[in-house]
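A.B. asks: upload.pdb is reproduced in full below (PDB, N, CA and C atoms).
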ATOM      1  N   LEU S   3      82.127 106.442 114.691
ATOM      2  CA  LEU S   3      81.892 105.794 113.411
ATOM      3  C   LEU S   3      82.666 106.482 112.301
ATOM      4  N   ASP S   4      82.685 107.787 112.341
ATOM      5  CA  ASP S   4      83.401 108.531 111.311
ATOM      6  C   ASP S   4      84.890 108.191 111.339
ATOM      7  N   LEU S   5      85.457 108.126 112.515
ATOM      8  CA  LEU S   5      86.870 107.772 112.654
ATOM      9  C   LEU S   5      87.119 106.351 112.145
ATOM     10  N   GLY S   6      86.209 105.434 112.439
ATOM     11  CA  GLY S   6      86.334 104.063 111.964
ATOM     12  C   GLY S   6      86.292 103.969 110.452
ATOM     13  N   VAL S   7      85.411 104.734 109.830
ATOM     14  CA  VAL S   7      85.321 104.759 108.366
ATOM     15  C   VAL S   7      86.621 105.293 107.780
ATOM     16  N   ARG S   8      87.124 106.387 108.352
ATOM     17  CA  ARG S   8      88.376 106.968 107.841
ATOM     18  C   ARG S   8      89.540 105.992 107.987
ATOM     19  N   LYS S   9      89.609 105.306 109.112
ATOM     20  CA  LYS S   9      90.694 104.348 109.343
ATOM     21  C   LYS S   9      90.576 103.167 108.380
ATOM     22  N   ALA S  10      89.367 102.686 108.149
ATOM     23  CA  ALA S  10      89.165 101.574 107.213
ATOM     24  C   ALA S  10      89.577 101.969 105.805
ATOM     25  N   VAL S  11      89.200 103.160 105.378
ATOM     26  CA  VAL S  11      89.573 103.634 104.040
ATOM     27  C   VAL S  11      91.087 103.770 103.946
ATOM     28  N   GLU S  12      91.699 104.310 104.987
ATOM     29  CA  GLU S  12      93.158 104.481 105.008
ATOM     30  C   GLU S  12      93.871 103.122 104.954
ATOM     31  N   THR S  13      93.348 102.144 105.658
ATOM     32  CA  THR S  13      93.989 100.829 105.739
ATOM     33  C   THR S  13      93.720  99.967 104.516
ATOM     34  N   LEU S  14      92.472  99.947 104.058
ATOM     35  CA  LEU S  14      92.078  99.034 102.980
ATOM     36  C   LEU S  14      92.106  99.658 101.591
ATOM     37  N   GLY S  15      91.943 100.957 101.505
ATOM     38  CA  GLY S  15      91.842 101.620 100.211
ATOM     39  C   GLY S  15      93.175 102.008  99.615
ATOM     40  N   ARG S  16      94.141 101.144  99.724
ATOM     41  CA  ARG S  16      95.481 101.391  99.176
ATOM     42  C   ARG S  16      96.009 100.069  98.639
ATOM     43  N   SER S  17      97.093 100.142  97.885
ATOM     44  CA  SER S  17      97.704  98.939  97.345
ATOM     45  C   SER S  17      98.083  97.997  98.488
ATOM     46  N   ASP S  18      97.689  96.757  98.363
ATOM     47  CA  ASP S  18      97.894  95.705  99.364
ATOM     48  C   ASP S  18      97.026  95.872 100.601
ATOM     49  N   GLY S  19      96.039  96.758 100.552
ATOM     50  CA  GLY S  19      95.097  96.894 101.661
ATOM     51  C   GLY S  19      94.342  95.604 101.905
ATOM     52  N   PHE S  20      93.932  94.941 100.849
ATOM     53  CA  PHE S  20      93.291  93.631 100.946
ATOM     54  C   PHE S  20      94.299  92.524 100.674
ATOM     55  N   LEU S  21      94.967  92.618  99.540
ATOM     56  CA  LEU S  21      95.849  91.546  99.091
ATOM     57  C   LEU S  21      96.961  91.253 100.086
ATOM     58  N   GLY S  22      97.490  92.266 100.722
ATOM     59  CA  GLY S  22      98.602  92.084 101.642
ATOM     60  C   GLY S  22      98.206  91.826 103.077
ATOM     61  N   ASN S  23      96.914  91.656 103.346
ATOM     62  CA  ASN S  23      96.435  91.455 104.711
ATOM     63  C   ASN S  23      95.633  90.159 104.766
ATOM     64  N   ALA S  24      96.206  89.122 105.347
ATOM     65  CA  ALA S  24      95.562  87.803 105.389
ATOM     66  C   ALA S  24      94.205  87.837 106.095
ATOM     67  N   ASP S  25      93.991  88.800 106.991
ATOM     68  CA  ASP S  25      92.717  88.877 107.715
ATOM     69  C   ASP S  25      91.554  89.309 106.824
ATOM     70  N   VAL S  26      91.832  90.062 105.766
ATOM     71  CA  VAL S  26      90.754  90.569 104.912
ATOM     72  C   VAL S  26      90.915  90.190 103.444
ATOM     73  N   ARG S  27      91.992  89.514 103.117
ATOM     74  CA  ARG S  27      92.242  89.123 101.726
ATOM     75  C   ARG S  27      91.058  88.324 101.193
ATOM     76  N   ILE S  28      90.641  88.646  99.992
ATOM     77  CA  ILE S  28      89.497  87.991  99.366
ATOM     78  C   ILE S  28      90.000  86.754  98.624
ATOM     79  N   PRO S  29      89.563  85.565  99.060
ATOM     80  CA  PRO S  29      90.016  84.341  98.391
ATOM     81  C   PRO S  29      89.202  84.066  97.138
ATOM     82  N   LEU S  30      89.645  83.088  96.394
ATOM     83  CA  LEU S  30      88.888  82.646  95.234
ATOM     84  C   LEU S  30      87.520  82.165  95.717
ATOM     85  N   PRO S  31      86.440  82.547  95.079
ATOM     86  CA  PRO S  31      85.112  82.113  95.517
ATOM     87  C   PRO S  31      84.994  80.590  95.542
ATOM     88  N   THR S  32      84.245  80.084  96.495
ATOM     89  CA  THR S  32      84.058  78.639  96.668
ATOM     90  C   THR S  32      83.605  77.967  95.385
ATOM     91  N   GLY S  33      82.740  78.616  94.642
ATOM     92  CA  GLY S  33      82.229  78.049  93.399
ATOM     93  C   GLY S  33      83.289  77.853  92.327
ATOM     94  N   LEU S  34      84.450  78.468  92.510
ATOM     95  CA  LEU S  34      85.525  78.350  91.525
ATOM     96  C   LEU S  34      86.673  77.464  91.998
ATOM     97  N   LYS S  35      86.500  76.784  93.127
ATOM     98  CA  LYS S  35      87.569  75.931  93.652
ATOM     99  C   LYS S  35      87.923  74.809  92.679
ATOM    100  N   LYS S  36      86.930  74.270  92.013
ATOM    101  CA  LYS S  36      87.184  73.198  91.046
ATOM    102  C   LYS S  36      88.032  73.723  89.881
ATOM    103  N   VAL S  37      87.719  74.925  89.430
ATOM    104  CA  VAL S  37      88.483  75.557  88.353
ATOM    105  C   VAL S  37      89.918  75.797  88.826
ATOM    106  N   GLU S  38      90.053  76.272  90.061
ATOM    107  CA  GLU S  38      91.385  76.518  90.605
ATOM    108  C   GLU S  38      92.204  75.223  90.657
ATOM    109  N   THR S  39      91.591  74.155  91.143
ATOM    110  CA  THR S  39      92.286  72.866  91.217
ATOM    111  C   THR S  39      92.733  72.417  89.833
ATOM    112  N   THR S  40      91.866  72.593  88.849
ATOM    113  CA  THR S  40      92.203  72.210  87.476
ATOM    114  C   THR S  40      93.352  73.068  86.945
ATOM    115  N   LEU S  41      93.280  74.376  87.159
ATOM    116  CA  LEU S  41      94.349  75.267  86.705
ATOM    117  C   LEU S  41      95.682  74.916  87.354
ATOM    118  N   ARG S  42      95.648  74.724  88.647
ATOM    119  CA  ARG S  42      96.893  74.430  89.353
ATOM    120  C   ARG S  42      97.432  73.054  88.947
ATOM    121  N   GLY S  43      96.533  72.106  88.683
ATOM    122  CA  GLY S  43      96.946  70.785  88.206
ATOM    123  C   GLY S  43      97.590  70.855  86.834
ATOM    124  N   ALA S  44      97.195  71.833  86.052
ATOM    125  CA  ALA S  44      97.756  72.029  84.711
ATOM    126  C   ALA S  44      98.927  73.019  84.740
ATOM    127  N   ARG S  45      99.436  73.273  85.928
ATOM    128  CA  ARG S  45     100.564  74.196  86.128
ATOM    129  C   ARG S  45     100.264  75.611  85.626
ATOM    130  N   GLN S  46      99.030  76.020  85.825
ATOM    131  CA  GLN S  46      98.604  77.368  85.449
ATOM    132  C   GLN S  46      98.317  78.186  86.712
ATOM    133  N   ASP S  47      99.201  78.030  87.705
ATOM    134  CA  ASP S  47      99.037  78.735  88.981
ATOM    135  C   ASP S  47      98.902  80.238  88.793
ATOM    136  N   LYS S  48      99.645  80.789  87.858
ATOM    137  CA  LYS S  48      99.635  82.237  87.637
ATOM    138  C   LYS S  48      98.241  82.740  87.277
ATOM    139  N   LEU S  49      97.482  81.976  86.493
ATOM    140  CA  LEU S  49      96.119  82.402  86.143
ATOM    141  C   LEU S  49      95.238  82.493  87.387
ATOM    142  N   ALA S  50      95.305  81.479  88.234
ATOM    143  CA  ALA S  50      94.518  81.493  89.470
ATOM    144  C   ALA S  50      94.972  82.632  90.377
ATOM    145  N   ASP S  51      96.275  82.782  90.535
ATOM    146  CA  ASP S  51      96.810  83.851  91.387
ATOM    147  C   ASP S  51      96.457  85.237  90.848
ATOM    148  N   ASP S  52      96.527  85.393  89.536
ATOM    149  CA  ASP S  52      96.193  86.684  88.919
ATOM    150  C   ASP S  52      94.722  87.041  89.145
ATOM    151  N   PHE S  53      93.842  86.047  89.127
ATOM    152  CA  PHE S  53      92.421  86.312  89.354
ATOM    153  C   PHE S  53      92.190  86.785  90.787
ATOM    154  N   VAL S  54      92.822  86.119  91.752
ATOM    155  CA  VAL S  54      92.706  86.530  93.152
ATOM    156  C   VAL S  54      93.265  87.944  93.318
ATOM    157  N   THR S  55      94.390  88.207  92.688
ATOM    158  CA  THR S  55      94.985  89.541  92.764
ATOM    159  C   THR S  55      94.035  90.592  92.190
ATOM    160  N   SER S  56      93.424  90.298  91.051
ATOM    161  CA  SER S  56      92.534  91.294  90.424
ATOM    162  C   SER S  56      91.308  91.569  91.289
ATOM    163  N   MET S  57      90.760  90.545  91.953
ATOM    164  CA  MET S  57      89.610  90.771  92.848
ATOM    165  C   MET S  57      90.007  91.670  94.015
ATOM    166  N   ASN S  58      91.157  91.414  94.589
ATOM    167  CA  ASN S  58      91.605  92.204  95.725
ATOM    168  C   ASN S  58      91.962  93.626  95.324
ATOM    169  N   ARG S  59      92.571  93.801  94.167
ATOM    170  CA  ARG S  59      92.890  95.151  93.686
ATOM    171  C   ARG S  59      91.606  95.941  93.424
ATOM    172  N   ALA S  60      90.600  95.272  92.884
ATOM    173  CA  ALA S  60      89.313  95.941  92.650
ATOM    174  C   ALA S  60      88.698  96.398  93.973
ATOM    175  N   ALA S  61      88.785  95.551  94.983
ATOM    176  CA  ALA S  61      88.253  95.918  96.300
ATOM    177  C   ALA S  61      89.008  97.115  96.870
ATOM    178  N   GLU S  62      90.320  97.116  96.715
ATOM    179  CA  GLU S  62      91.134  98.239  97.198
ATOM    180  C   GLU S  62      90.737  99.546  96.523
ATOM    181  N   GLN S  63      90.420  99.470  95.250
ATOM    182  CA  GLN S  63      90.014 100.672  94.514
ATOM    183  C   GLN S  63      88.599 101.118  94.876
ATOM    184  N   ALA S  64      87.752 100.172  95.263
ATOM    185  CA  ALA S  64      86.358 100.499  95.586
ATOM    186  C   ALA S  64      86.204 101.104  96.980
ATOM    187  N   VAL S  65      87.116 100.804  97.881
ATOM    188  CA  VAL S  65      86.984 101.239  99.274
ATOM    189  C   VAL S  65      86.805 102.749  99.430
ATOM    190  N   PRO S  66      87.610 103.584  98.796
ATOM    191  CA  PRO S  66      87.403 105.030  98.995
ATOM    192  C   PRO S  66      85.998 105.504  98.597
ATOM    193  N   GLU S  67      85.481 104.971  97.513
ATOM    194  CA  GLU S  67      84.127 105.354  97.084
ATOM    195  C   GLU S  67      83.078 104.871  98.081
ATOM    196  N   ALA S  68      83.208 103.619  98.497
ATOM    197  CA  ALA S  68      82.274 103.066  99.480
ATOM    198  C   ALA S  68      82.410 103.803 100.810
ATOM    199  N   GLY S  69      83.631 104.153 101.162
ATOM    200  CA  GLY S  69      83.861 104.895 102.398
ATOM    201  C   GLY S  69      83.184 106.247 102.382
ATOM    202  N   ALA S  70      83.210 106.906 101.239
ATOM    203  CA  ALA S  70      82.555 108.210 101.119
ATOM    204  C   ALA S  70      81.046 108.077 101.319
ATOM    205  N   VAL S  71      80.466 107.040 100.748
ATOM    206  CA  VAL S  71      79.019 106.808 100.898
ATOM    207  C   VAL S  71      78.687 106.517 102.360
ATOM    208  N   LEU S  72      79.488 105.650 102.990
ATOM    209  CA  LEU S  72      79.257 105.316 104.389
ATOM    210  C   LEU S  72      79.448 106.534 105.284
ATOM    211  N   ALA S  73      80.470 107.327 105.017
ATOM    212  CA  ALA S  73      80.716 108.537 105.812
ATOM    213  C   ALA S  73      79.535 109.503 105.710
ATOM    214  N   ASP S  74      78.975 109.660 104.520
ATOM    215  CA  ASP S  74      77.794 110.523 104.354
ATOM    216  C   ASP S  74      76.622 109.993 105.165
ATOM    217  N   SER S  75      76.448 108.678 105.168
ATOM    218  CA  SER S  75      75.359 108.066 105.943
ATOM    219  C   SER S  75      75.550 108.305 107.432
ATOM    220  N   VAL S  76      76.778 108.161 107.898
ATOM    221  CA  VAL S  76      77.075 108.375 109.317
ATOM    222  C   VAL S  76      76.764 109.814 109.702
ATOM    223  N   LYS S  77      77.109 110.762 108.850
ATOM    224  CA  LYS S  77      76.867 112.178 109.141
ATOM    225  C   LYS S  77      75.380 112.498 109.230
ATOM    226  N   GLN S  78      74.548 111.711 108.550
ATOM    227  CA  GLN S  78      73.110 111.955 108.547
ATOM    228  C   GLN S  78      72.389 111.248 109.702
ATOM    229  N   MET S  79      73.109 110.405 110.435
ATOM    230  CA  MET S  79      72.490 109.681 111.540
ATOM    231  C   MET S  79      72.128 110.620 112.684
ATOM    232  N   THR S  80      71.100 110.244 113.391
ATOM    233  CA  THR S  80      70.704 110.984 114.586
ATOM    234  C   THR S  80      70.905 110.081 115.803
ATOM    235  N   LEU S  81      70.810 110.661 116.980
ATOM    236  CA  LEU S  81      70.922 109.856 118.203
ATOM    237  C   LEU S  81      69.801 108.830 118.296
ATOM    238  N   GLU S  82      68.657 109.140 117.725
ATOM    239  CA  GLU S  82      67.541 108.210 117.743
ATOM    240  C   GLU S  82      67.805 106.998 116.833
ATOM    241  N   ASP S  83      68.663 107.181 115.835
ATOM    242  CA  ASP S  83      68.969 106.084 114.913
ATOM    243  C   ASP S  83      69.792 104.977 115.576
ATOM    244  N   ALA S  84      70.663 105.330 116.506
ATOM    245  CA  ALA S  84      71.576 104.351 117.106
ATOM    246  C   ALA S  84      70.856 103.173 117.752
ATOM    247  N   PRO S  85      69.884 103.395 118.654
ATOM    248  CA  PRO S  85      69.206 102.237 119.262
ATOM    249  C   PRO S  85      68.422 101.413 118.225
ATOM    250  N   LYS S  86      67.891 102.074 117.220
ATOM    251  CA  LYS S  86      67.157 101.356 116.177
ATOM    252  C   LYS S  86      68.104 100.433 115.407
ATOM    253  N   ILE S  87      69.292 100.918 115.114
ATOM    254  CA  ILE S  87      70.275 100.113 114.385
ATOM    255  C   ILE S  87      70.717  98.924 115.234
ATOM    256  N   LEU S  88      70.971  99.178 116.509
ATOM    257  CA  LEU S  88      71.441  98.120 117.398
ATOM    258  C   LEU S  88      70.384  97.047 117.659
ATOM    259  N   SER S  89      69.121  97.427 117.692
ATOM    260  CA  SER S  89      68.077  96.455 117.997
ATOM    261  C   SER S  89      67.431  95.844 116.750
ATOM    262  N   SER S  90      67.800  96.315 115.603
ATOM    263  CA  SER S  90      67.207  95.815 114.350
ATOM    264  C   SER S  90      67.697  94.401 114.043
ATOM    265  N   THR S  91      66.823  93.636 113.423
ATOM    266  CA  THR S  91      67.209  92.291 112.961
ATOM    267  C   THR S  91      67.569  92.330 111.481
ATOM    268  N   ASN S  92      67.502  93.517 110.869
ATOM    269  CA  ASN S  92      67.827  93.676 109.456
ATOM    270  C   ASN S  92      69.345  93.824 109.308
ATOM    271  N   ASN S  93      69.983  92.779 108.865
ATOM    272  CA  ASN S  93      71.438  92.804 108.724
ATOM    273  C   ASN S  93      71.839  93.424 107.414
TER     274      ASN S  93
END
Could you express the structure from this file as structure tokens?

C.D. replies:
Amino acid sequence: LDLGVRKAVETLGRSDGFLGNADVRIPLPTGLKKVETTLRGARQDKLADDFVTSMNRAAEQAVPEAGAVLADSVKQMTLEDAPKILSSTNN
């Protein structure tokens, strides 16, 4: 788990970690699709694109902090915690 956290931070917590990776890129939220259609219809593509870029850049900046929290949690886990996590219905 620790190695996975480090790899995720290394991959996602950098410029284009989200934005440059189609598998994890954060799209415009569904609730804003109508706004996007209106913007693009008014030839304001840059506004829509800039918003998507800003969301992804924010995620890239947040990853190292979130990774540190997750890494601390992993270090505190015990062997007894693993089966509880795997069998839990709490997502």

A.B. asks: Counting only C-alpha atoms, what is within 12 Å of stretch 53-56 of chain S, bar same-chain residues fewer than 4 positions away, as JSON, numbers by chain?

C.D. replies: {"S": [17, 18, 19, 20, 21, 22, 27, 28, 29, 30, 31, 34, 35, 37, 38, 41, 46, 47, 48, 49, 60, 61, 62, 63]}

A.B. asks: If we count only C-alpha atoms, what is near stretch 73-85 of chain S at a cut-off of 12 Å, once residues fewer than 5 positions away on the same chain are taken out, given as a count of residues only?

C.D. replies: 15

A.B. asks: Mind pulling up the distance from atom N of S:Ala24 to atom C of S:Ala44?

C.D. replies: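 Between these atoms lies a distance of 26.3 Å.
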
A.B. asks: Could you please determine the separation between atom N of S:Arg59 and atom CA of S:Thr40 in Å, to one decimal place?

C.D. replies: 22.6 Å

A.B. asks: So how many Å separate atom CA of S:Ser89 and atom N of S:Leu14, to one decimal?

C.D. replies: 28.3 Å

A.B. asks: Hey, what does DSSP flag as helix (DSSP H, G or I) within chain S? Can you give it to me as a count of residues only?

C.D. replies: 62

A.B. asks: Output, as AutoDock Vina command-line options, the centre and edge lengths in Å (one decimal) of the axis-aligned box that contains all listed atoms of stretch 10-29 of chain S with 8 Å of margin on each side.

C.D. replies:
--center_x 93.9 --center_y 94.3 --center_z 102.6 --size_x 25.4 --size_y 36.4 --size_z 27.0
